[in-house]
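In what follows, a single structure is set out as structure tokens and then discussed.
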Amino acid sequence: MRPRLHLPMRFVAVAVLASLPAIACLPVQRPATAPEGLAEPLEVSFQGNRSLRIKDYMEANSTLRQVYKALPERTLYCGCPFDPMRKRAPIQGCSYSSGDDQDTYYKVHWEHVVPAARLGRNRQCWIGHPCKRKDGKPYGGRSCCRKIDPMFRAMEADMHNLRPAIGDINIRRQDYSFGEIPGEKREFGRCDMEISSETDTAEPAPEIRGIIARTYLYMNDAYELQLRPEEIRLFLTWHRKYPPNSLERERDTLIRKLQGNSNPYIHGYGLDR
């Protein structure tokens with residue numbers, strides 16, 4: 001049977017880690033501060049998508065349509081209402097603007113909050129070019145990692161790291177890190193998202209900084225991404241300053257039912273760090 005993580009309403013319980021030969025489970029269990037009303041802290045386990053309950057990005061793509069069909073949520077960076085089945089956002093009610101008056105809707109992508117390049121860039125499948133094409137030429141990168149690396153497939157398909165975003169912003173952001181950019185230059189209409197190619201930085205609107213922080217912190221603990229100390233400090237600050245709302249918690253619950261695990265940061269983990 002696949003492992004399941006049962007969460008009480010107010011906090012995270014202990015997850016059961018799967019033992020798979022292809023993907024080694026890391027014993028990442030840390031004490032969390034007990035919420036008010038509980039006598040002792042509970043253990044928090046970062047199993048991620050290691051069981052490959054969501055086996056690859058294609059399955060995550062189709063499963064997320066069902067998640068967002070059940071949620072009245074909007075695109076991440078610009079807060080645009082969108083159709084999750086068609087993956088498009090109508091212009092009406094969308095703060096994003098492409099500057100093209102011919103547009104009637106915008107394409108929506110499933111954005112890796114922690115970019116796929118960040119997930120794979122230190123893995124042998126990405127940098128070692130171990131795969132071969134039919135003509136014998138070696139290749140690496142994302143295509144190779146999808147083919148031969150179960151851990152990369154687990155990370156790439158982890159739905160806690162996937163959010164709907166206007167396609168153009170997803171493309172423009174590339175694999176830039178999140179941070180703060182001086183000034184308030186707006187390139188996307190009324191959408192409060194700034195991207196600097198000079199510093200390889202993206203600055204999100206304040207109301208979504210907590211979401212981004214909890215995603216990075218979760219992915220770092222679940223898959224040992226080795227975030228830089230300054231990144232951890234920034235994301236912990238955002239985590240404390242911008243707490244999760246009911247929609248973020250509801251989304252976590254839906255993903256837990258489908259993928260088998262929760263993001264502990266949404267339930268209070270890390271507030272004492």
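Naming scheme: A, B, ... for chains in displayed order of the structure tokens; residues 1 onward per chain; ligands 1 onward as shown.
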
Alpha helix (DSSP H) call set, DSSP backbone run, region 109-266 of chain A, as an MDAnalysis selection string: chainID A and resid 116:120 124:127 141:148 150:157 167:173 206:223 229:241 246:259

For Val113 (chain A): contacts at 10 Å, only C-alpha atoms, fewer than 2 positions along chain excluded, given as an MDAnalysis selection string: chainID A and resid 76 110:111 115:116 160:165 170 175 177:178 211:213 215:216 219

Save out the residues we just selected, C-alpha atoms, as a PDB file, in the first residue's frame.
ATOM      1  CA  LEU A  76      -0.181  32.990  -8.841  1.00  0.00           C
ATOM      2  CA  TRP A 110       1.745  25.157 -14.468  1.00  0.00           C
ATOM      3  CA  GLU A 111       4.671  27.098 -13.042  1.00  0.00           C
ATOM      4  CA  PRO A 115      12.271  26.083 -11.235  1.00  0.00           C
ATOM      5  CA  ALA A 116      12.942  22.699 -12.825  1.00  0.00           C
ATOM      6  CA  HIS A 160       3.091  21.463  -3.859  1.00  0.00           C
ATOM      7  CA  ASN A 161       5.607  23.178  -6.173  1.00  0.00           C
ATOM      8  CA  LEU A 162       3.238  23.724  -9.110  1.00  0.00           C
ATOM      9  CA  ARG A 163       1.020  26.797  -9.446  1.00  0.00           C
ATOM     10  CA  PRO A 164      -0.983  28.304 -12.315  1.00  0.00           C
ATOM     11  CA  ALA A 165       0.708  31.327 -13.901  1.00  0.00           C
ATOM     12  CA  ASN A 170       6.359  31.931 -16.578  1.00  0.00           C
ATOM     13  CA  ASP A 175      14.849  30.169 -13.499  1.00  0.00           C
ATOM     14  CA  SER A 177      15.556  33.535  -7.901  1.00  0.00           C
ATOM     15  CA  PHE A 178      12.987  35.468  -5.895  1.00  0.00           C
ATOM     16  CA  ILE A 211       3.103  31.038  -0.665  1.00  0.00           C
ATOM     17  CA  ILE A 212       6.437  31.239  -2.476  1.00  0.00           C
ATOM     18  CA  ALA A 213       8.423  31.072   0.764  1.00  0.00           C
ATOM     19  CA  THR A 215       7.045  26.277  -1.266  1.00  0.00           C
ATOM     20  CA  TYR A 216      10.808  26.869  -1.349  1.00  0.00           C
ATOM     21  CA  MET A 219      11.122  21.692  -1.403  1.00  0.00           C
TER      22      MET A 219
END

All residues 7 Å or closer to Arg153 (chain A), only C-alpha atoms, same chain fewer than 4 positions away omitted, as a ChimeraX atom specification: /A:55-56,146,149,157

Residues within 6 Å of region 261-266 of chain A, only C-alpha atoms, excluding chain neighbours under 2 positions, as JSON, numbers by chain: {"A": [5, 214, 256, 259, 268, 269]}

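Neighbouring residues of Thr104 (chain A) at 12 Å or closer, counting only C-alpha atoms and skipping chain neighbours under 2 positions away, are A:Arg88, A:Ala89, A:Pro90, A:Ile91, A:Gln92, A:Gly93, A:Cys94, A:Ser97, A:Ser98, A:Gly99, A:Asp100, A:Asp101, A:Gln102, A:Tyr106, A:Lys107.
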
Please write the residues from the selection above to a file, keeping N, CA and C atoms, as a short mmCIF file (atom, residue, chain, number, x, y, z; two decimals), in the first residue's frame.
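For reference, again.cif as written:
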data_model
loop_
_atom_site.label_atom_id
_atom_site.label_comp_id
_atom_site.auth_asym_id
_atom_site.auth_seq_id
_atom_site.Cartn_x
_atom_site.Cartn_y
_atom_site.Cartn_z
N ARG A 88 -6.49 28.60 -19.55
CA ARG A 88 -6.43 29.94 -20.11
C ARG A 88 -7.21 30.91 -19.23
N ALA A 89 -6.78 32.16 -19.25
CA ALA A 89 -7.39 33.21 -18.44
C ALA A 89 -7.97 34.28 -19.35
N PRO A 90 -9.26 34.61 -19.21
CA PRO A 90 -9.83 35.67 -20.03
C PRO A 90 -9.25 37.03 -19.65
N ILE A 91 -9.19 37.93 -20.61
CA ILE A 91 -8.65 39.26 -20.35
C ILE A 91 -9.46 40.00 -19.30
N GLN A 92 -10.78 39.85 -19.39
CA GLN A 92 -11.65 40.52 -18.43
C GLN A 92 -11.35 40.03 -17.01
N GLY A 93 -11.05 40.96 -16.12
CA GLY A 93 -10.77 40.61 -14.74
C GLY A 93 -9.34 40.21 -14.47
N CYS A 94 -8.47 40.35 -15.48
CA CYS A 94 -7.06 39.96 -15.32
C CYS A 94 -6.19 41.21 -15.25
N SER A 97 -1.37 42.40 -18.60
CA SER A 97 -1.61 42.90 -19.96
C SER A 97 -0.38 42.63 -20.81
N SER A 98 -0.61 42.07 -21.99
CA SER A 98 0.50 41.79 -22.90
C SER A 98 0.77 42.96 -23.84
N GLY A 99 -0.16 43.92 -23.87
CA GLY A 99 -0.04 45.04 -24.79
C GLY A 99 -0.59 44.75 -26.16
N ASP A 100 -1.12 43.54 -26.36
CA ASP A 100 -1.70 43.15 -27.65
C ASP A 100 -3.22 43.23 -27.56
N ASP A 101 -3.81 44.18 -28.26
CA ASP A 101 -5.26 44.38 -28.20
C ASP A 101 -6.03 43.25 -28.85
N GLN A 102 -5.35 42.37 -29.58
CA GLN A 102 -6.03 41.27 -30.26
C GLN A 102 -6.29 40.09 -29.33
N TYR A 106 -5.42 34.68 -22.15
CA TYR A 106 -4.00 34.41 -22.00
C TYR A 106 -3.79 32.94 -21.65
N LYS A 107 -2.74 32.35 -22.20
CA LYS A 107 -2.42 30.97 -21.86
C LYS A 107 -1.93 30.89 -20.41
#

Between CA of Leu234 (chain A) and CA of Leu254 (chain A) - distance in Å to one decimal: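 About the pair CA of Leu254 (chain A) and CA of Leu234 (chain A): they are 27.6 Å apart.
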
Neighbour list for Leu119 (chain A) as a ChimeraX atom specification, cut-off 10 Å, only C-alpha atoms, skip fewer than 3 positions in-chain: /A:112,114-116,122-123,126,142,151-153,155-156,219-220,223-225

Write out, as a compact mmCIF listing (two decimals), in the first residue's frame, the residues just selected, with N, CA and C atoms.
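In the end it all went to again.txt:
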# COMPACT_ATOMS: atom_id res chain seq x y z
N HIS A 112 6.58 25.91 -12.13
CA HIS A 112 7.38 25.39 -11.02
C HIS A 112 7.86 26.59 -10.21
N VAL A 114 9.74 26.62 -7.51
CA VAL A 114 11.18 26.33 -7.57
C VAL A 114 11.43 25.76 -8.97
N PRO A 115 12.16 26.48 -9.83
CA PRO A 115 12.27 26.08 -11.24
C PRO A 115 12.85 24.68 -11.43
N ALA A 116 12.45 24.04 -12.51
CA ALA A 116 12.94 22.70 -12.83
C ALA A 116 14.47 22.69 -12.94
N ASN A 122 22.18 20.14 -10.36
CA ASN A 122 23.32 19.46 -9.73
C ASN A 122 23.25 17.94 -9.86
N ARG A 123 22.29 17.45 -10.61
CA ARG A 123 22.12 16.01 -10.75
C ARG A 123 22.91 15.51 -11.97
N TRP A 126 21.47 15.73 -15.42
CA TRP A 126 21.36 17.07 -16.00
C TRP A 126 22.69 17.53 -16.58
N ARG A 142 16.86 18.40 -18.78
CA ARG A 142 15.54 17.98 -18.30
C ARG A 142 15.05 16.69 -18.96
N MET A 151 14.16 10.30 -8.87
CA MET A 151 14.08 11.40 -7.92
C MET A 151 13.72 12.71 -8.63
N PHE A 152 14.30 12.94 -9.80
CA PHE A 152 13.95 14.15 -10.54
C PHE A 152 12.48 14.11 -10.93
N ARG A 153 12.00 12.96 -11.38
CA ARG A 153 10.58 12.85 -11.73
C ARG A 153 9.69 13.15 -10.53
N MET A 155 10.44 15.11 -7.95
CA MET A 155 10.51 16.55 -7.68
C MET A 155 9.71 17.34 -8.71
N GLU A 156 9.90 17.00 -9.98
CA GLU A 156 9.24 17.75 -11.05
C GLU A 156 7.73 17.62 -10.97
N MET A 219 10.33 22.41 -0.40
CA MET A 219 11.12 21.69 -1.40
C MET A 219 12.56 21.52 -0.93
N ASN A 220 13.08 22.50 -0.23
CA ASN A 220 14.44 22.41 0.29
C ASN A 220 14.56 21.28 1.31
N TYR A 223 13.78 17.64 -0.51
CA TYR A 223 14.68 17.13 -1.55
C TYR A 223 16.11 17.62 -1.42
N GLU A 224 16.44 18.26 -0.30
CA GLU A 224 17.81 18.73 -0.05
C GLU A 224 18.33 19.60 -1.20
N LEU A 225 17.65 20.69 -1.47
CA LEU A 225 18.04 21.57 -2.57
C LEU A 225 19.26 22.42 -2.24

Ala205 (chain A) surroundings by only C-alpha atoms, 7 Å radius, close-in-sequence under 2 positions cut, as number ranges by chain: A: 192-193, 203, 207-209

Among listed residues A:Lys185, A:Asp252, A:Gly179, A:Cys145, nearest Thr237 (chain A) (using only C-alpha atoms): A:Gly179

Of the listed residues A:Ala70, A:Ala117, A:Ala222, A:Ile181, that which approaches Gly141 (chain A) most closely, counting only C-alpha atoms: A:Ala117

Among the residues A:Pro229, A:Pro130, A:Gly189, A:Gly210, the one that comes closest to Glu248 (chain A) [using only C-alpha atoms]: A:Gly210

For Arg273 (chain A), the nearest of the candidates A:Leu236, A:Leu247, A:Ile127, A:Leu52, counting only C-alpha atoms: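 Checking each of A:Leu236, A:Leu247, A:Ile127, A:Leu52 against Arg273 (chain A), counting only C-alpha atoms, the winner is A:Leu236.
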
Residue nearest Pro206 (chain A) among A:Glu187, A:Glu180, A:Asp135, A:Asp221 (counting only C-alpha atoms): A:Glu180

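The smallest atom-to-atom distance between Gln66 (chain A) and any of A:Arg251, A:His239, A:Lys132, A:His267, using only C-alpha atoms, is found for A:Arg251.
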
DSSP strand (DSSP E or B) selection over region 62-239 of chain A, as a PyMOL selection string: chain A and resi 83+88-90+105-112+131-132+138-139+162-166+177-178+194-196+201-203
